[in-house]
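Following: one structure in C-alpha cells, then a few remarks.
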Amino acid sequence: MKKVKGFWLFLILSIVLYGTVQLLINAGILNQFYSNTLIFIGINIILAVSLHLVIGITGQFSIGHAGFLAVGAYISAIFTMKLQLPFPIAILAGGIIAALAGLIVGIPSLRLKGDYLAIATLGFAEIIRIVFLNIDYVGGAAGMQVSHLTNWTYTFICLFITIVVIMNFTNSRHGRACISVRENEIAADAMGINTVYYKVIAFALGSFFAGIAGGLYAHNFYIIQPTNFGFLKSFDILIYVVLGGLGSLSGAVISAILLTLVSTFLQDYPETRMIIYSLVLVIVMLYRPQGLMGTREITDIFGKWKSVKSVKGGN
C-alpha cells in the first residue's frame, strides 16, 4: 500500500514539474540556454541511473557506458537522418540496439570480476568509438550532422520511464537477486541464484537506457563525432554514480544534477571549471567517502524524519 501511494505521489510531482517547466518555456521565461541545460541534466540523469543499476545495484564495475551511449546516438541518428523515420522510433531503436550490444558484451565479459571487467568494458567502448570513426556512412572522423529534435517533453518522458522502470526493477524479485550478487556473489550462487543471468539482465537493461540517452544526446546537438564518446565520457558517468553513493538511485540523480550545473555554468572558464569540479569531488570523497546519499534514498530520510517527529509527539 505504501509503495502504491509513493508511486502516485511521484507521478503527481512529476506531472507538476513537467507542467511548470513547460509553462515557463512557453512563456519565454526560460530561454534556450536554460531549457537546453534542463535537457542536458535529464540526459545525464538517465545515464547516471542506468549505470547505477549496473554498478550500484549489481556491483559490476563497468567503465564502458560511453560505448552504449554512442550506439544509441548513432543508431537513432541513422534512423532519423538516413531512413527518415520518426524521432520516437529512432530513440527506441537506439535503446534496443544498445541493449543487444550490452548482451553481446555482457555474456562473455560478465564472468569476469573487478578490474578485469572494467578493462573489458573499457575496451568495448573504445572498439565502438573506433568503428564509428572508420565508417564513412556516419561521417567518420568528421562526424554526422543531426537535426535538433530533442526537447523538454521527449527528455522528460524518457527520464520518467527510466526512473520508474529501474526503481521497480530494483524493488522486484529480480532486483533483490541483483543486490544479493552485489553483496556476496559466492553466497548468492550457493543459494541457487543464477548470478551470470542476473548480471547480464542488469547490464542489458542499463545499456538499453544508455542507448535511449544516446538518442536524446545526438539530437540535442547538430553534429555528433566519435570524439564525444571517449573513455573520459565513461568516467564522467561513473563519477555521477560514485559521488551520489553506490546503491542510491536518489544519490545518482542528485549528483548528476549538481555536477551538470557546475560544468554548465563554468563552461566559459574551462581551466577554473576543471579545478572547481575536481575540488568538489575531492572534498566530498574526504568527508563523505560513501557518497552524498550512501545507500539511502530520499524516501528513507523523509521516513526517518517522520518517525522522529512521531516519537517526539508521543513524548
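Chain identifiers are assigned as A, B, and so on, following the order in which chains appear in the C-alpha cells; residues are numbered from 1 within each chain, and ligands are numbered from 1 in order of appearance.
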
Checklist line | Expected answer as a list in words: strand (DSSP E) residues in segment 95-284 of chain A | finding: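 Going through segment 95-284 of chain A, the strand (DSSP E) residues come out as Met144, Gln145, Ile223 and Ile224 of chain A.
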
Note to self: So that I can check the surroundings of Pro88 of chain A, please list as a PyMOL selection string every protein, DNA and RNA residue that reaches within 10 Å of it, counting only C-alpha atoms and ignoring chain neighbours fewer than 2 positions away.
What the structure shows: chain A and resi 76+80+85-86+90-94+149+154+212+215-216

Margin query: Need the shell around Ile223 of chain A: protein/DNA/RNA residues with any atom at most 12 Å away, counting only C-alpha atoms. Skip same-chain ones fewer than 2 positions apart. Format as a PyMOL selection string?
Written below: chain A and resi 73-74+77+81+138-148+217-221+225-228

Next, the residues of the selection above should be written as a compact mmCIF listing (two decimals), in the first residue's frame with N, CA, C and O atoms.
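Final file, part31.txt:
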```
# COMPACT_ATOMS: atom_id res chain seq x y z
N ALA A 73 23.26 6.85 -29.87
CA ALA A 73 23.34 8.13 -30.58
C ALA A 73 23.40 7.90 -32.09
O ALA A 73 22.64 8.51 -32.86
N TYR A 74 24.29 7.04 -32.53
CA TYR A 74 24.47 6.83 -33.97
C TYR A 74 23.30 6.08 -34.61
O TYR A 74 22.87 6.40 -35.72
N ALA A 77 20.44 8.46 -34.92
CA ALA A 77 20.74 9.44 -35.97
C ALA A 77 20.56 8.83 -37.35
O ALA A 77 20.06 9.49 -38.28
N MET A 81 18.03 10.56 -39.88
CA MET A 81 18.69 11.29 -40.97
C MET A 81 18.80 10.48 -42.25
O MET A 81 18.69 11.03 -43.35
N VAL A 138 28.43 7.17 -41.59
CA VAL A 138 28.03 8.04 -40.49
C VAL A 138 28.99 9.23 -40.34
O VAL A 138 29.04 9.87 -39.29
N GLY A 139 29.76 9.50 -41.37
CA GLY A 139 30.61 10.70 -41.37
C GLY A 139 32.04 10.48 -40.94
O GLY A 139 32.86 11.39 -41.07
N GLY A 140 32.35 9.31 -40.38
CA GLY A 140 33.72 9.04 -39.96
C GLY A 140 34.20 10.02 -38.90
O GLY A 140 33.45 10.42 -38.00
N ALA A 141 35.44 10.45 -39.03
CA ALA A 141 36.03 11.36 -38.05
C ALA A 141 35.39 12.74 -38.08
O ALA A 141 35.38 13.45 -37.08
N ALA A 142 34.87 13.13 -39.25
CA ALA A 142 34.26 14.47 -39.38
C ALA A 142 32.95 14.57 -38.62
O ALA A 142 32.51 15.66 -38.26
N GLY A 143 32.32 13.43 -38.35
CA GLY A 143 31.07 13.45 -37.61
C GLY A 143 29.85 13.39 -38.51
O GLY A 143 29.96 13.44 -39.73
N MET A 144 28.71 13.31 -37.90
CA MET A 144 27.43 13.18 -38.62
C MET A 144 26.51 14.33 -38.23
O MET A 144 26.30 14.60 -37.05
N GLN A 145 25.97 14.99 -39.22
CA GLN A 145 25.03 16.08 -38.96
C GLN A 145 23.67 15.51 -38.57
O GLN A 145 23.17 14.59 -39.22
N VAL A 146 23.10 16.08 -37.52
CA VAL A 146 21.85 15.56 -36.97
C VAL A 146 20.89 16.73 -36.73
O VAL A 146 21.31 17.81 -36.28
N SER A 147 19.62 16.51 -37.03
CA SER A 147 18.62 17.54 -36.78
C SER A 147 18.38 17.68 -35.28
O SER A 147 18.46 16.71 -34.52
N HIS A 148 18.06 18.91 -34.87
CA HIS A 148 17.78 19.17 -33.46
C HIS A 148 16.32 18.82 -33.18
O HIS A 148 15.41 19.62 -33.44
N TYR A 217 20.79 12.59 -26.75
CA TYR A 217 22.05 13.31 -26.82
C TYR A 217 22.38 13.70 -28.26
O TYR A 217 22.77 14.84 -28.54
N ALA A 218 22.21 12.75 -29.18
CA ALA A 218 22.55 13.01 -30.58
C ALA A 218 21.70 14.12 -31.18
O ALA A 218 22.21 14.97 -31.91
N HIS A 219 20.42 14.12 -30.84
CA HIS A 219 19.50 15.09 -31.44
C HIS A 219 19.37 16.37 -30.62
O HIS A 219 18.51 17.21 -30.91
N ASN A 220 20.21 16.50 -29.60
CA ASN A 220 20.27 17.77 -28.87
C ASN A 220 21.36 18.67 -29.42
O ASN A 220 21.43 19.85 -29.08
N PHE A 221 22.21 18.12 -30.27
CA PHE A 221 23.27 18.88 -30.93
C PHE A 221 23.09 18.74 -32.44
O PHE A 221 22.31 17.92 -32.91
N GLN A 225 30.22 13.34 -33.09
CA GLN A 225 31.52 12.84 -33.53
C GLN A 225 31.98 11.73 -32.59
O GLN A 225 31.62 11.72 -31.41
N PRO A 226 32.80 10.81 -33.09
CA PRO A 226 33.31 9.74 -32.23
C PRO A 226 34.07 10.26 -31.01
O PRO A 226 34.09 9.61 -29.97
N THR A 227 34.68 11.45 -31.14
CA THR A 227 35.43 12.00 -30.01
C THR A 227 34.53 12.36 -28.84
O THR A 227 35.01 12.49 -27.70
N ASN A 228 33.21 12.50 -29.08
CA ASN A 228 32.27 12.80 -27.99
C ASN A 228 32.09 11.61 -27.05
O ASN A 228 31.55 11.77 -25.95
```

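Residues in contact range of Thr58 of chain A, defined as at most 10 Å between only C-alpha atoms, with sequence neighbours fewer than 3 positions away removed, read Leu51, His52, Leu53, Val54, Ile55, Phe61, Thr170, Gly175, Arg176, Ala177, Cys178, Ile179, Ser180, Val181, Arg182, Glu183, Glu185, Thr195, Tyr198, Lys199, Val200, Ile201, Ala202, Phe203 and Gly247 of chain A.
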
Next item on the list: Enumerate as a PyMOL selection string all residues of segment 10-85 of chain A assigned to alpha helix (DSSP H) by DSSP on the backbone, naming them with the chain letters and numbers the document uses.
Entry: chain A and resi 10-26+32-52+65-77

Check: Residues at most 8 Å from segment 115-122 of chain A, counting only C-alpha atoms, excluding those fewer than 3 positions away in the same chain, as a PyMOL selection string?
Finding: chain A and resi 60-65+105+109-110+112+125-126+231

Go ahead and save the residues from that selection, with N, CA, C and O atoms, as a short mmCIF file (atom, residue, chain, number, x, y, z; two decimals), in the first residue's frame.
```cif
data_model
loop_
_atom_site.label_atom_id
_atom_site.label_comp_id
_atom_site.auth_asym_id
_atom_site.auth_seq_id
_atom_site.Cartn_x
_atom_site.Cartn_y
_atom_site.Cartn_z
N GLN A 60 28.74 -4.52 -10.50
CA GLN A 60 29.68 -4.81 -11.58
C GLN A 60 30.38 -3.53 -12.02
O GLN A 60 29.72 -2.58 -12.44
N PHE A 61 31.70 -3.51 -11.93
CA PHE A 61 32.46 -2.29 -12.18
C PHE A 61 32.67 -2.10 -13.68
O PHE A 61 33.62 -2.60 -14.27
N SER A 62 31.74 -1.37 -14.31
CA SER A 62 31.79 -1.12 -15.75
C SER A 62 32.18 0.32 -16.01
O SER A 62 31.63 1.24 -15.42
N ILE A 63 33.14 0.51 -16.91
CA ILE A 63 33.53 1.86 -17.32
C ILE A 63 33.47 2.00 -18.83
O ILE A 63 34.28 2.68 -19.44
N GLY A 64 32.47 1.33 -19.42
CA GLY A 64 32.30 1.41 -20.86
C GLY A 64 30.95 1.95 -21.27
O GLY A 64 30.48 1.69 -22.38
N HIS A 65 30.31 2.72 -20.38
CA HIS A 65 28.96 3.20 -20.65
C HIS A 65 28.91 4.15 -21.85
O HIS A 65 27.87 4.24 -22.51
N VAL A 105 28.26 -7.98 -25.27
CA VAL A 105 29.42 -7.73 -24.40
C VAL A 105 29.27 -8.44 -23.07
O VAL A 105 30.22 -9.02 -22.53
N SER A 109 31.82 -11.23 -21.02
CA SER A 109 32.69 -10.44 -20.13
C SER A 109 32.22 -10.43 -18.68
O SER A 109 33.04 -10.24 -17.78
N LEU A 110 30.93 -10.65 -18.42
CA LEU A 110 30.44 -10.57 -17.05
C LEU A 110 30.78 -11.80 -16.21
O LEU A 110 30.43 -11.87 -15.04
N LEU A 112 33.82 -12.14 -15.78
CA LEU A 112 34.99 -11.52 -15.16
C LEU A 112 34.54 -10.71 -13.95
O LEU A 112 33.36 -10.41 -13.78
N ALA A 125 34.04 -0.06 -25.26
CA ALA A 125 33.70 1.33 -25.58
C ALA A 125 34.66 1.90 -26.61
O ALA A 125 34.25 2.63 -27.54
N GLU A 126 35.95 1.58 -26.48
CA GLU A 126 36.93 2.09 -27.43
C GLU A 126 36.75 1.43 -28.80
O GLU A 126 36.94 2.08 -29.83
N PHE A 231 36.76 7.59 -23.55
CA PHE A 231 36.71 6.98 -22.22
C PHE A 231 36.48 8.01 -21.12
O PHE A 231 35.97 7.68 -20.05
#
```

Checklist line | Point-to-point distance from atom CA of Val49 of chain A to atom CA of Phe79 of chain A, Å rounded to tenths | finding: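 Separation between atom CA of Val49 of chain A and atom CA of Phe79 of chain A: 25.3 Å.
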
Note to self: When you count only C-alpha atoms, which of these residues is closest to Glu297 of chain A: A:Ala252, A:Ala210, A:Ile237, A:Leu17?
What the structure shows: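 Using only C-alpha atoms, Glu297 of chain A sits closest to A:Ala252.
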
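Between Cys158 of chain A and the residues A:Asn134, A:Gly114, A:Thr37, A:Leu47, the shortest atom-to-atom distance, using only C-alpha atoms, involves A:Leu47.
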
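Counting only C-alpha atoms, the residue from A:Phe208, A:Phe156, A:Phe68, A:Phe33 that sits nearest to Ser14 of chain A is A:Phe156.
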
Next item on the list: Could you tell me how far atom CA of Ala101 of chain A lies from atom CA of Gly211 of chain A, in Å and to one decimal?
Entry: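 One can read the atom CA of Ala101 of chain A to atom CA of Gly211 of chain A distance as 9.8 Å.
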
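Here atom CA of Leu159 of chain A and atom CA of Lys113 of chain A stand 29.9 Å from one another.
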
Margin query: Here is a test: counting only C-alpha atoms, which residue of A:Ile75, A:Val242, A:Ala48, A:Ile166 is nearest to Thr295 of chain A?
Written below: A:Val242

Next item on the list: For each of A:Gly19, A:Gly28, A:Gly56, A:Gly294, take the minimum atom-to-atom distance to Gly206 of chain A, counting only C-alpha atoms, then give the residue where this is smallest.
Entry: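 Answer, going by the shortest atom-to-atom distance: A:Gly56.
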
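Closest approach to Arg288 of chain A from the set A:Leu243, A:Ile25, A:Ile89, A:Leu69 is made by A:Leu243, with distances taken over only C-alpha atoms.
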